[in-house]
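Q: My structure is stored as query.cif, with mmCIF, C-alpha atoms and all ligand atoms.
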```cif
data_upload
#
loop_
_atom_site.group_PDB
_atom_site.id
_atom_site.type_symbol
_atom_site.label_atom_id
_atom_site.label_comp_id
_atom_site.auth_asym_id
_atom_site.auth_seq_id
_atom_site.Cartn_x
_atom_site.Cartn_y
_atom_site.Cartn_z
ATOM 1 C CA MET A 4 68.343 179.723 112.500
ATOM 2 C CA GLY A 5 71.832 179.421 111.136
ATOM 3 C CA SER A 6 74.062 179.227 108.123
ATOM 4 C CA LEU A 7 71.994 176.404 106.667
ATOM 5 C CA ALA A 8 68.906 178.571 106.228
ATOM 6 C CA ARG A 9 70.989 181.472 104.941
ATOM 7 C CA ASP A 10 72.619 179.222 102.357
ATOM 8 C CA LYS A 11 69.196 178.765 100.795
ATOM 9 C CA LEU A 12 68.134 182.379 100.273
ATOM 10 C CA ILE A 13 68.411 183.991 96.830
ATOM 11 C CA VAL A 14 67.550 187.684 96.685
ATOM 12 C CA ALA A 15 65.992 188.925 93.433
ATOM 13 C CA LEU A 16 67.673 192.225 92.499
ATOM 14 C CA ASP A 17 64.639 193.446 90.562
ATOM 15 C CA VAL A 18 65.688 197.107 90.472
ATOM 16 C CA GLU A 19 66.240 199.753 87.811
ATOM 17 C CA THR A 20 69.789 200.910 88.335
ATOM 18 C CA ALA A 21 73.296 199.677 89.078
ATOM 19 C CA PRO A 22 73.706 201.949 92.141
ATOM 20 C CA ARG A 23 70.529 200.516 93.708
ATOM 21 C CA ALA A 24 71.675 196.949 92.928
ATOM 22 C CA ARG A 25 75.088 197.698 94.498
ATOM 23 C CA GLU A 26 73.450 199.168 97.573
ATOM 24 C CA LEU A 27 71.264 196.056 98.043
ATOM 25 C CA PHE A 28 74.209 193.728 97.410
ATOM 26 C CA SER A 29 76.270 195.471 100.111
ATOM 27 C CA ALA A 30 73.398 195.401 102.596
ATOM 28 C CA LEU A 31 72.517 191.760 101.911
ATOM 29 C CA ARG A 32 75.755 189.990 101.019
ATOM 30 C CA ASP A 33 76.095 188.469 104.492
ATOM 31 C CA VAL A 34 72.459 187.381 104.704
ATOM 32 C CA ALA A 35 71.888 185.826 101.279
ATOM 33 C CA ALA A 36 73.504 182.905 99.460
ATOM 34 C CA MET A 37 73.050 184.316 95.985
ATOM 35 C CA PHE A 38 71.754 187.282 94.008
ATOM 36 C CA LYS A 39 69.334 186.874 91.149
ATOM 37 C CA ILE A 40 69.783 189.210 88.199
ATOM 38 C CA GLY A 41 66.767 189.100 85.948
ATOM 39 C CA MET A 42 65.532 190.718 82.787
ATOM 40 C CA GLN A 43 64.854 194.173 84.262
ATOM 41 C CA LEU A 44 68.311 194.883 85.711
ATOM 42 C CA PHE A 45 70.140 193.035 82.935
ATOM 43 C CA THR A 46 68.253 194.940 80.239
ATOM 44 C CA ALA A 47 68.900 198.225 82.019
ATOM 45 C CA VAL A 48 72.593 197.919 82.823
ATOM 46 C CA GLY A 49 73.959 194.818 81.069
ATOM 47 C CA PRO A 50 76.521 192.277 82.262
ATOM 48 C CA THR A 51 78.776 194.735 84.112
ATOM 49 C CA ILE A 52 76.670 194.401 87.253
ATOM 50 C CA VAL A 53 77.041 190.605 87.042
ATOM 51 C CA HIS A 54 80.827 190.955 86.952
ATOM 52 C CA GLU A 55 80.843 193.501 89.749
ATOM 53 C CA ILE A 56 78.969 191.192 92.094
ATOM 54 C CA ILE A 57 81.059 188.146 91.202
ATOM 55 C CA ASP A 58 84.323 190.107 91.514
ATOM 56 C CA ALA A 59 83.186 191.256 94.966
ATOM 57 C CA GLY A 60 82.727 187.619 96.016
ATOM 58 C CA GLY A 61 78.967 187.256 95.432
ATOM 59 C CA ARG A 62 77.264 184.421 93.563
ATOM 60 C CA VAL A 63 74.844 185.181 90.740
ATOM 61 C CA PHE A 64 71.757 183.394 89.389
ATOM 62 C CA LEU A 65 71.203 184.828 85.904
ATOM 63 C CA ASP A 66 67.433 184.659 85.436
ATOM 64 C CA LEU A 67 66.930 185.455 81.761
ATOM 65 C CA LYS A 68 64.637 182.471 81.094
ATOM 66 C CA TYR A 69 66.013 181.631 77.672
ATOM 67 C CA HIS A 70 63.396 180.307 75.246
ATOM 68 C CA ASP A 71 64.396 180.127 71.581
ATOM 69 C CA ILE A 72 65.610 177.627 68.991
ATOM 70 C CA PRO A 73 68.152 175.103 70.348
ATOM 71 C CA ASN A 74 71.152 176.684 68.605
ATOM 72 C CA THR A 75 70.399 180.157 69.969
ATOM 73 C CA VAL A 76 69.757 179.029 73.544
ATOM 74 C CA ALA A 77 72.868 176.814 73.583
ATOM 75 C CA ALA A 78 74.968 179.767 72.355
ATOM 76 C CA ALA A 79 73.462 182.117 74.961
ATOM 77 C CA GLY A 80 74.135 179.504 77.650
ATOM 78 C CA VAL A 81 77.794 179.405 76.644
ATOM 79 C CA GLU A 82 78.025 183.193 77.061
ATOM 80 C CA ALA A 83 76.268 182.969 80.428
ATOM 81 C CA ALA A 84 78.867 180.410 81.565
ATOM 82 C CA ARG A 85 81.668 182.743 80.460
ATOM 83 C CA HIS A 86 80.310 185.432 82.796
ATOM 84 C CA GLY A 87 81.079 183.159 85.768
ATOM 85 C CA ILE A 88 77.528 182.923 87.053
ATOM 86 C CA SER A 89 76.459 180.029 89.310
ATOM 87 C CA ILE A 90 73.000 179.289 87.903
ATOM 88 C CA PHE A 91 71.031 180.273 84.798
ATOM 89 C CA ASN A 92 67.676 179.148 83.490
ATOM 90 C CA VAL A 93 65.820 178.203 80.332
ATOM 91 C CA HIS A 94 62.124 177.577 79.692
ATOM 92 C CA THR A 95 61.389 173.830 79.752
ATOM 93 C CA SER A 96 58.600 174.476 77.237
ATOM 94 C CA GLY A 97 61.378 175.093 74.678
ATOM 95 C CA GLY A 98 61.584 171.292 74.492
ATOM 96 C CA ALA A 99 64.042 168.459 75.057
ATOM 97 C CA GLU A 100 66.439 169.250 72.216
ATOM 98 C CA MET A 101 66.789 172.865 73.329
ATOM 99 C CA MET A 102 67.619 171.804 76.891
ATOM 100 C CA ARG A 103 69.911 168.928 75.916
ATOM 101 C CA ARG A 104 71.965 170.960 73.442
ATOM 102 C CA THR A 105 72.313 173.784 75.960
ATOM 103 C CA ALA A 106 73.465 171.423 78.728
ATOM 104 C CA GLU A 107 75.981 169.787 76.375
ATOM 105 C CA ALA A 108 77.357 173.084 75.025
ATOM 106 C CA VAL A 109 77.757 174.523 78.529
ATOM 107 C CA ALA A 110 79.492 171.394 79.844
ATOM 108 C CA GLU A 111 81.798 171.386 76.837
ATOM 109 C CA VAL A 112 82.811 175.072 77.051
ATOM 110 C CA SER A 113 83.237 174.855 80.824
ATOM 111 C CA ALA A 114 85.682 171.957 80.466
ATOM 112 C CA ARG A 115 87.526 173.510 77.522
ATOM 113 C CA GLU A 116 87.884 176.994 79.012
ATOM 114 C CA ASP A 117 88.329 175.812 82.600
ATOM 115 C CA LEU A 118 85.174 177.554 83.843
ATOM 116 C CA VAL A 119 83.094 176.489 86.817
ATOM 117 C CA ARG A 120 80.132 174.843 85.099
ATOM 118 C CA PRO A 121 76.969 176.757 86.003
ATOM 119 C CA ARG A 122 73.900 174.776 87.035
ATOM 120 C CA ILE A 123 71.120 175.023 84.447
ATOM 121 C CA ILE A 124 67.572 174.956 85.722
ATOM 122 C CA GLY A 125 64.306 174.858 83.818
ATOM 123 C CA VAL A 126 61.354 177.153 84.350
ATOM 124 C CA THR A 127 58.278 174.941 84.558
ATOM 125 C CA LEU A 128 55.252 177.144 85.134
ATOM 126 C CA LEU A 129 55.562 180.719 86.348
ATOM 127 C CA THR A 130 54.425 181.164 89.933
ATOM 128 C CA SER A 131 52.158 183.985 88.749
ATOM 129 C CA ALA A 132 50.236 181.434 86.648
ATOM 130 C CA ASN A 133 47.314 179.352 87.869
ATOM 131 C CA ALA A 134 44.775 177.028 86.225
ATOM 132 C CA ARG A 135 43.050 179.990 84.557
ATOM 133 C CA VAL A 136 46.298 181.121 82.922
ATOM 134 C CA LEU A 137 46.933 177.550 81.707
ATOM 135 C CA ALA A 138 43.454 177.506 80.163
ATOM 136 C CA GLU A 139 44.217 180.812 78.390
ATOM 137 C CA ILE A 140 47.168 179.201 76.633
ATOM 138 C CA SER A 141 45.247 175.980 75.880
ATOM 139 C CA VAL A 142 47.013 173.742 78.390
ATOM 140 C CA VAL A 143 44.515 171.208 79.692
ATOM 141 C CA LYS A 144 46.676 169.775 82.499
ATOM 142 C CA SER A 145 46.425 171.049 86.078
ATOM 143 C CA PRO A 146 49.341 173.221 87.285
ATOM 144 C CA GLU A 147 50.750 170.272 89.248
ATOM 145 C CA GLN A 148 50.517 167.856 86.313
ATOM 146 C CA GLN A 149 52.110 170.415 83.995
ATOM 147 C CA VAL A 150 54.963 171.165 86.415
ATOM 148 C CA THR A 151 55.798 167.507 87.084
ATOM 149 C CA ALA A 152 55.697 166.597 83.375
ATOM 150 C CA LEU A 153 58.042 169.490 82.528
ATOM 151 C CA ALA A 154 60.345 168.651 85.465
ATOM 152 C CA GLN A 155 60.668 165.066 84.209
ATOM 153 C CA LEU A 156 61.466 166.374 80.731
ATOM 154 C CA ALA A 157 64.103 168.728 82.183
ATOM 155 C CA ALA A 158 65.743 165.899 84.142
ATOM 156 C CA ALA A 159 65.716 163.585 81.110
ATOM 157 C CA SER A 160 67.254 166.377 78.998
ATOM 158 C CA GLY A 161 70.254 166.860 81.286
ATOM 159 C CA LEU A 162 69.239 169.931 83.295
ATOM 160 C CA ASP A 163 70.331 170.239 86.931
ATOM 161 C CA GLY A 164 66.939 171.208 88.302
ATOM 162 C CA VAL A 165 63.851 173.335 87.922
ATOM 163 C CA VAL A 166 62.159 176.508 89.057
ATOM 164 C CA ALA A 167 58.762 175.678 90.526
ATOM 165 C CA SER A 168 56.267 176.987 93.017
ATOM 166 C CA PRO A 169 56.695 175.649 96.565
ATOM 167 C CA LEU A 170 53.263 174.050 96.132
ATOM 168 C CA GLU A 171 54.718 171.627 93.596
ATOM 169 C CA VAL A 172 58.001 170.703 95.296
ATOM 170 C CA ALA A 173 56.745 167.464 96.808
ATOM 171 C CA ALA A 174 55.221 166.346 93.500
ATOM 172 C CA VAL A 175 58.466 167.150 91.637
ATOM 173 C CA ARG A 176 60.559 165.221 94.194
ATOM 174 C CA ALA A 177 58.238 162.245 93.797
ATOM 175 C CA ALA A 178 58.327 162.439 89.990
ATOM 176 C CA VAL A 179 62.097 162.931 89.487
ATOM 177 C CA ALA A 180 64.382 160.237 90.846
ATOM 178 C CA LYS A 181 67.631 162.102 90.027
ATOM 179 C CA GLN A 182 69.838 162.679 93.089
ATOM 180 C CA ASP A 183 70.763 166.350 93.689
ATOM 181 C CA PHE A 184 67.978 167.617 91.401
ATOM 182 C CA LEU A 185 67.744 171.288 92.382
ATOM 183 C CA ILE A 186 64.373 172.858 93.106
ATOM 184 C CA VAL A 187 64.406 176.638 93.240
ATOM 185 C CA THR A 188 61.204 178.256 94.407
ATOM 186 C CA PRO A 189 59.989 181.815 93.951
ATOM 187 C CA GLY A 190 56.439 182.443 95.137
ATOM 188 C CA VAL A 191 57.548 182.820 98.754
ATOM 189 C CA ARG A 192 55.898 185.304 101.071
ATOM 190 C CA PRO A 193 56.597 185.686 104.795
ATOM 191 C CA SER A 194 53.436 185.494 106.868
ATOM 192 C CA GLY A 195 51.553 188.786 106.774
ATOM 193 C CA THR A 196 53.098 190.280 103.618
ATOM 194 C CA LYS A 197 51.553 191.144 100.239
ATOM 195 C CA PRO A 198 51.284 188.458 97.516
ATOM 196 C CA ASN A 199 51.806 191.050 94.700
ATOM 197 C CA ASP A 200 51.226 189.172 91.412
ATOM 198 C CA GLN A 201 52.273 185.776 92.799
ATOM 199 C CA LYS A 202 49.442 183.238 92.883
ATOM 200 C CA ARG A 203 50.942 179.905 93.984
ATOM 201 C CA LEU A 204 52.505 180.864 97.317
ATOM 202 C CA MET A 205 53.914 179.477 100.550
ATOM 203 C CA THR A 206 55.691 180.980 103.550
ATOM 204 C CA PRO A 207 59.490 180.519 103.893
ATOM 205 C CA ALA A 208 59.113 177.780 106.524
ATOM 206 C CA GLU A 209 56.536 175.913 104.434
ATOM 207 C CA ALA A 210 58.742 176.098 101.343
ATOM 208 C CA ILE A 211 61.759 174.698 103.212
ATOM 209 C CA ARG A 212 59.639 171.999 104.809
ATOM 210 C CA ALA A 213 58.317 171.060 101.366
ATOM 211 C CA GLY A 214 61.928 170.440 100.282
ATOM 212 C CA SER A 215 63.000 173.533 98.295
ATOM 213 C CA ASP A 216 66.759 173.853 97.839
ATOM 214 C CA TYR A 217 66.672 177.618 97.320
ATOM 215 C CA LEU A 218 64.014 180.248 97.978
ATOM 216 C CA VAL A 219 63.922 183.269 95.664
ATOM 217 C CA VAL A 220 62.555 186.379 97.332
ATOM 218 C CA GLY A 221 62.311 189.808 95.767
ATOM 219 C CA ARG A 222 59.818 192.466 96.768
ATOM 220 C CA PRO A 223 59.366 191.471 100.433
ATOM 221 C CA ILE A 224 63.109 192.228 100.827
ATOM 222 C CA ILE A 225 64.005 194.861 98.239
ATOM 223 C CA ASP A 226 60.930 197.018 98.921
ATOM 224 C CA ALA A 227 61.315 196.826 102.717
ATOM 225 C CA ALA A 228 62.365 199.918 104.662
ATOM 226 C CA ASP A 229 65.256 197.837 106.039
ATOM 227 C CA PRO A 230 66.095 195.107 103.463
ATOM 228 C CA ALA A 231 68.744 193.425 105.639
ATOM 229 C CA GLU A 232 66.315 193.133 108.541
ATOM 230 C CA ALA A 233 63.584 191.787 106.231
ATOM 231 C CA ALA A 234 66.047 189.195 104.872
ATOM 232 C CA ARG A 235 67.116 188.186 108.401
ATOM 233 C CA GLN A 236 63.463 187.679 109.346
ATOM 234 C CA ILE A 237 62.964 185.443 106.305
ATOM 235 C CA VAL A 238 66.092 183.429 107.157
ATOM 236 C CA LYS A 239 64.739 183.117 110.689
ATOM 237 C CA GLU A 240 61.390 181.831 109.364
ATOM 238 C CA MET A 241 63.282 179.406 107.092
ATOM 239 C CA GLY A 242 65.289 178.186 110.073
ATOM 240 C CA GLU A 243 62.105 177.400 111.967
ATOM 241 C CA ALA A 244 61.184 174.746 109.406
HETATM 242 O O1 LIG B 301 59.203 189.962 94.218
HETATM 243 P P1 LIG B 301 59.054 188.482 94.182
HETATM 244 O O2 LIG B 301 59.476 187.801 95.473
HETATM 245 O O3 LIG B 301 57.703 188.042 93.700
HETATM 246 O O4 LIG B 301 60.129 188.025 93.094
HETATM 247 C C1 LIG B 301 60.178 186.720 92.584
HETATM 248 C C2 LIG B 301 61.247 186.678 91.518
HETATM 249 O O5 LIG B 301 61.319 185.370 90.988
HETATM 250 C C3 LIG B 301 61.003 187.608 90.333
HETATM 251 O O6 LIG B 301 62.277 188.107 89.959
HETATM 252 C C4 LIG B 301 60.472 186.723 89.233
HETATM 253 O O7 LIG B 301 60.906 187.138 87.946
HETATM 254 C C5 LIG B 301 61.133 185.391 89.580
HETATM 255 N N1 LIG B 301 60.431 184.198 89.125
HETATM 256 C C6 LIG B 301 59.129 183.912 89.498
HETATM 257 N N2 LIG B 301 58.516 182.772 89.047
HETATM 258 C C7 LIG B 301 59.187 181.919 88.269
HETATM 259 C C8 LIG B 301 60.521 182.198 87.912
HETATM 260 C C9 LIG B 301 61.125 183.350 88.369
HETATM 261 O O8 LIG B 301 58.518 184.667 90.239
HETATM 262 N N3 LIG B 301 58.626 180.786 87.895
#
```
Using structure tokens, write down the structure from this file.
Ligand code: C5P
A:
Amino acid sequence: MGSLARDKLIVALDVETAPRARELFSALRDVAAMFKIGMQLFTAVGPTIVHEIIDAGGRVFLDLKYHDIPNTVAAAGVEAARHGISIFNVHTSGGAEMMRRTAEAVAEVSAREDLVRPRIIGVTLLTSANARVLAEISVVKSPEQQVTALAQLAAASGLDGVVASPLEVAAVRAAVAKQDFLIVTPGVRPSGTKPNDQKRLMTPAEAIRAGSDYLVVGRPIIDAADPAEAARQIVKEMGEA
């Protein structure tokens, strides 16, 4: 175990209120590399919690999974950059133009306004989705084929990486030649914990071994009686890889 493993843990602050988010941030700031603010917390309390965490020295992954016309997503990406977040994401299924225009607009505003350019990653296939869900939405490819095709599109469109299940990390690495292409993996469950709605899962050690750059973990930490201890256990399991 050590700082290396800890530098790869992102805690999902999937909670209802700012006080609960603050409490988890204080308990976990020394164990986690970054805090993920997603649609629940952001919809409930807005960007103030993002600023609070950044002002207190934390790093934020804004997980709002933008998916809209290119102009709208590029404009939202610019506002995300202005919040000072480290990573945000868009849906790769929005297409190449959407991703390319967002990457260009964010690079341009970051240079012009002297911001630290956030990394932009693409959601490939949600880790709660499996082959049956793909069939429901008329996708004939297997999950792995769909994820690698979308990862290649993301790389070709100027994104910095993708969100994918740990099961697809090796395939994405093989399919995308780009150096430093980030792979962020939710769908991580320590041995012996509940899968919840996640379907394409691995343990922390397996995900690290597969080559994930960051592991996103929510409920196994935030619902634990002692979140800091649960996070330390996960970092320990990551360090065993
Ligand atoms: O609680 P759990 O560990 O399942 O949380 C995983 C987090 O990662 C959730 O916030 C979820 O929105 C997010 N996520 C995901 N699958 C993706 C992208 C993001 O589970 N493909």
Q: List every residue of chain A that has an atom at most 9 Å from any atom of ligand LIG 301 (chain B), giving for each one its closest atom pair and the distance in Å to one decimal, counting all atoms listed in the file, sorted by chain and then by ascending residue number, as JSON lines.
A:
```
{"residue": "A:Val14", "atom": "CA", "partner": "B:LIG301", "partner_atom": "O2", "distance": 8.2}
{"residue": "A:Ala15", "atom": "CA", "partner": "B:LIG301", "partner_atom": "O6", "distance": 5.2}
{"residue": "A:Leu16", "atom": "CA", "partner": "B:LIG301", "partner_atom": "O6", "distance": 7.2}
{"residue": "A:Asp17", "atom": "CA", "partner": "B:LIG301", "partner_atom": "O6", "distance": 5.9}
{"residue": "A:Lys39", "atom": "CA", "partner": "B:LIG301", "partner_atom": "O6", "distance": 7.3}
{"residue": "A:Ile40", "atom": "CA", "partner": "B:LIG301", "partner_atom": "O6", "distance": 7.8}
{"residue": "A:Gly41", "atom": "CA", "partner": "B:LIG301", "partner_atom": "O6", "distance": 6.1}
{"residue": "A:Met42", "atom": "CA", "partner": "B:LIG301", "partner_atom": "O7", "distance": 7.8}
{"residue": "A:Gln43", "atom": "CA", "partner": "B:LIG301", "partner_atom": "O6", "distance": 8.7}
{"residue": "A:Asp66", "atom": "CA", "partner": "B:LIG301", "partner_atom": "C9", "distance": 7.1}
{"residue": "A:Leu67", "atom": "CA", "partner": "B:LIG301", "partner_atom": "O7", "distance": 8.8}
{"residue": "A:Lys68", "atom": "CA", "partner": "B:LIG301", "partner_atom": "C8", "distance": 8.0}
{"residue": "A:Asn92", "atom": "CA", "partner": "B:LIG301", "partner_atom": "C8", "distance": 8.9}
{"residue": "A:Val126", "atom": "CA", "partner": "B:LIG301", "partner_atom": "N3", "distance": 5.8}
{"residue": "A:Thr127", "atom": "CA", "partner": "B:LIG301", "partner_atom": "N3", "distance": 6.7}
{"residue": "A:Leu128", "atom": "CA", "partner": "B:LIG301", "partner_atom": "N3", "distance": 5.7}
{"residue": "A:Leu129", "atom": "CA", "partner": "B:LIG301", "partner_atom": "N3", "distance": 3.4}
{"residue": "A:Thr130", "atom": "CA", "partner": "B:LIG301", "partner_atom": "N2", "distance": 4.5}
{"residue": "A:Ser131", "atom": "CA", "partner": "B:LIG301", "partner_atom": "N2", "distance": 6.5}
{"residue": "A:Ala132", "atom": "CA", "partner": "B:LIG301", "partner_atom": "N3", "distance": 8.5}
{"residue": "A:Val166", "atom": "CA", "partner": "B:LIG301", "partner_atom": "N3", "distance": 5.7}
{"residue": "A:Ala167", "atom": "CA", "partner": "B:LIG301", "partner_atom": "N3", "distance": 5.7}
{"residue": "A:Ser168", "atom": "CA", "partner": "B:LIG301", "partner_atom": "N3", "distance": 6.8}
{"residue": "A:Val187", "atom": "CA", "partner": "B:LIG301", "partner_atom": "C8", "distance": 8.6}
{"residue": "A:Thr188", "atom": "CA", "partner": "B:LIG301", "partner_atom": "C7", "distance": 7.4}
{"residue": "A:Pro189", "atom": "CA", "partner": "B:LIG301", "partner_atom": "O5", "distance": 4.8}
{"residue": "A:Gly190", "atom": "CA", "partner": "B:LIG301", "partner_atom": "O8", "distance": 5.8}
{"residue": "A:Val191", "atom": "CA", "partner": "B:LIG301", "partner_atom": "O2", "distance": 6.3}
{"residue": "A:Arg192", "atom": "CA", "partner": "B:LIG301", "partner_atom": "O2", "distance": 7.1}
{"residue": "A:Pro198", "atom": "CA", "partner": "B:LIG301", "partner_atom": "O3", "distance": 7.5}
{"residue": "A:Asn199", "atom": "CA", "partner": "B:LIG301", "partner_atom": "O3", "distance": 6.7}
{"residue": "A:Asp200", "atom": "CA", "partner": "B:LIG301", "partner_atom": "O3", "distance": 7.0}
{"residue": "A:Gln201", "atom": "CA", "partner": "B:LIG301", "partner_atom": "O3", "distance": 6.0}
{"residue": "A:Val219", "atom": "CA", "partner": "B:LIG301", "partner_atom": "O5", "distance": 5.7}
{"residue": "A:Val220", "atom": "CA", "partner": "B:LIG301", "partner_atom": "O2", "distance": 3.9}
{"residue": "A:Gly221", "atom": "CA", "partner": "B:LIG301", "partner_atom": "O1", "distance": 3.5}
{"residue": "A:Arg222", "atom": "CA", "partner": "B:LIG301", "partner_atom": "O1", "distance": 3.6}
{"residue": "A:Pro223", "atom": "CA", "partner": "B:LIG301", "partner_atom": "O2", "distance": 6.2}
{"residue": "A:Ile224", "atom": "CA", "partner": "B:LIG301", "partner_atom": "O2", "distance": 7.8}
{"residue": "A:Ile225", "atom": "CA", "partner": "B:LIG301", "partner_atom": "O1", "distance": 8.0}
{"residue": "A:Asp226", "atom": "CA", "partner": "B:LIG301", "partner_atom": "O1", "distance": 8.7}
```
Q: Apply the PyMOL selection byres (((chain A and resi 194) around 12) and not hetatm) to the file shown and report the selected residues as a list in words.
A: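 Taken on the displayed file, the PyMOL selection byres (((chain A and resi 194) around 12) and not hetatm) yields the residues Val191, Arg192, Pro193, Gly195, Thr196, Lys197, Pro198, Leu204, Met205, Thr206, Pro207, Ala208, Glu209, Pro223, Ala233, Gln236, Ile237, Glu240 and Met241 of chain A.
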Q: Between CA of Ala180 in chain A and CA of Ala78 in chain A, what is the spacing in Å?
A: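 These atoms are spaced 28.9 Å apart.
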Q: Around the point (69.6, 169.2, 90.2), in the coordinates given by the file, pick out the residues reaching within 9 Å, counting all atoms listed in the file, and return them as a list in words.
A: Arg122, Ile123, Ile124, Ala158, Leu162, Asp163, Gly164, Val165, Lys181, Gln182, Asp183, Phe184, Leu185 and Ile186 of chain A
Q: Taking the file as shown, what set of residues would the PyMOL selection byres (((chain A and resi 111) around 12) and not hetatm) give back, as a PyMOL selection string?
A: chain A and resi 77-78+80-81+84-85+104-110+112-121
Q: Find the residues near Ser96 in chain A: any atom within 10 Å, counting only C-alpha atoms, skip ones fewer than 4 places away on the same chain, and give them as a ChimeraX atom specification.
A: /A:70-71,101-102,125-128,153,156-157
Q: Suppose we keep C-alpha atoms; can you now write the selection as an mmCIF file, in the coordinates of the input?
A:
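Resulting contents of result_33.cif:
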```cif
data_model
loop_
_atom_site.group_PDB
_atom_site.id
_atom_site.type_symbol
_atom_site.label_atom_id
_atom_site.label_comp_id
_atom_site.auth_asym_id
_atom_site.auth_seq_id
_atom_site.Cartn_x
_atom_site.Cartn_y
_atom_site.Cartn_z
ATOM 1 C CA HIS A 70 63.396 180.307 75.246
ATOM 2 C CA ASP A 71 64.396 180.127 71.581
ATOM 3 C CA MET A 101 66.789 172.865 73.329
ATOM 4 C CA MET A 102 67.619 171.804 76.891
ATOM 5 C CA GLY A 125 64.306 174.858 83.818
ATOM 6 C CA VAL A 126 61.354 177.153 84.350
ATOM 7 C CA THR A 127 58.278 174.941 84.558
ATOM 8 C CA LEU A 128 55.252 177.144 85.134
ATOM 9 C CA LEU A 153 58.042 169.490 82.528
ATOM 10 C CA LEU A 156 61.466 166.374 80.731
ATOM 11 C CA ALA A 157 64.103 168.728 82.183
#
```
Q: Exactly which residues make up the result of the PyMOL selection byres (((chain A and resi 53) around 12) and not hetatm) on this file, given as number ranges by chain?
A: A: 16, 21, 24-25, 28, 37-41, 44-46, 48-52, 54-66, 83-89
Q: For a quick check of understanding, using only C-alpha atoms, which of A:Pro169, A:Ala79, A:Ala35, A:Ala134 has the smallest distance to Lys11 in chain A?
A: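 Distance minimum relative to Lys11 in chain A lands on A:Ala35.
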Q: Nearest residue to Asp229 in chain A out of A:Val136, A:Ala8, A:Val172, A:Leu31, using all atoms listed in the file?
A: A:Leu31
Q: Enter the distance from CA of Ile140 in chain A to CA of Ala173 in chain A, in Å, rounded to one decimal.
A: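 If I compute the distance from CA of Ile140 in chain A to CA of Ala173 in chain A, I get 25.2 Å.
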Q: So how many Å separate CA of Tyr217 in chain A and CA of Ala174 in chain A, to one decimal?
A: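 CA of Ala174 in chain A lies at a distance of 16.5 Å from CA of Tyr217 in chain A.
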Q: Emit as lines of an AutoDock Vina configuration file the padded axis-aligned box for all listed atoms of range 23-34 of chain A, 4 Å per side, with centre and edge lengths in Å to one decimal.
A:
```
center_x = 73.4
center_y = 193.9
center_z = 98.8
size_x = 13.7
size_y = 21.1
size_z = 19.8
```
Q: Please report, as CSV, each residue of range 42-124 of chain A lying at most 12 Å from range 141-152 of chain A, together with the nearest pair of atoms and the separation in Å rounded to one decimal; use all atoms listed in the file, and order rows by chain and ascending residue number.
A:
```
residue,atom,partner,partner_atom,distance
A:His94,CA,A:Val150,CA,11.7
A:Thr95,CA,A:Val150,CA,9.6
A:Ser96,CA,A:Gln149,CA,10.2
A:Gly98,CA,A:Ala152,CA,11.6
A:Ala99,CA,A:Ala152,CA,11.9
```
Q: Which one of A:Ile13, A:Ala210, A:Leu170, A:Pro22 sits closest to Asn133 in chain A if you count all atoms listed in the file?
A: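 Among the listed residues, A:Leu170 lies closest to Asn133 in chain A.
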Q: For a cutoff of 6 Å around the file-coordinate point (67.2, 199.9, 87.5), which residues qualify once you count all atoms listed in the file? I'd like the result as a tab-separated table (two decimals) with C-alpha atoms, in the frame of the given file.
A:
```
chain	number	residue	atom	x	y	z
A	18	VAL	CA	65.69	197.11	90.47
A	19	GLU	CA	66.24	199.75	87.81
A	20	THR	CA	69.79	200.91	88.34
A	44	LEU	CA	68.31	194.88	85.71
A	47	ALA	CA	68.90	198.22	82.02
```
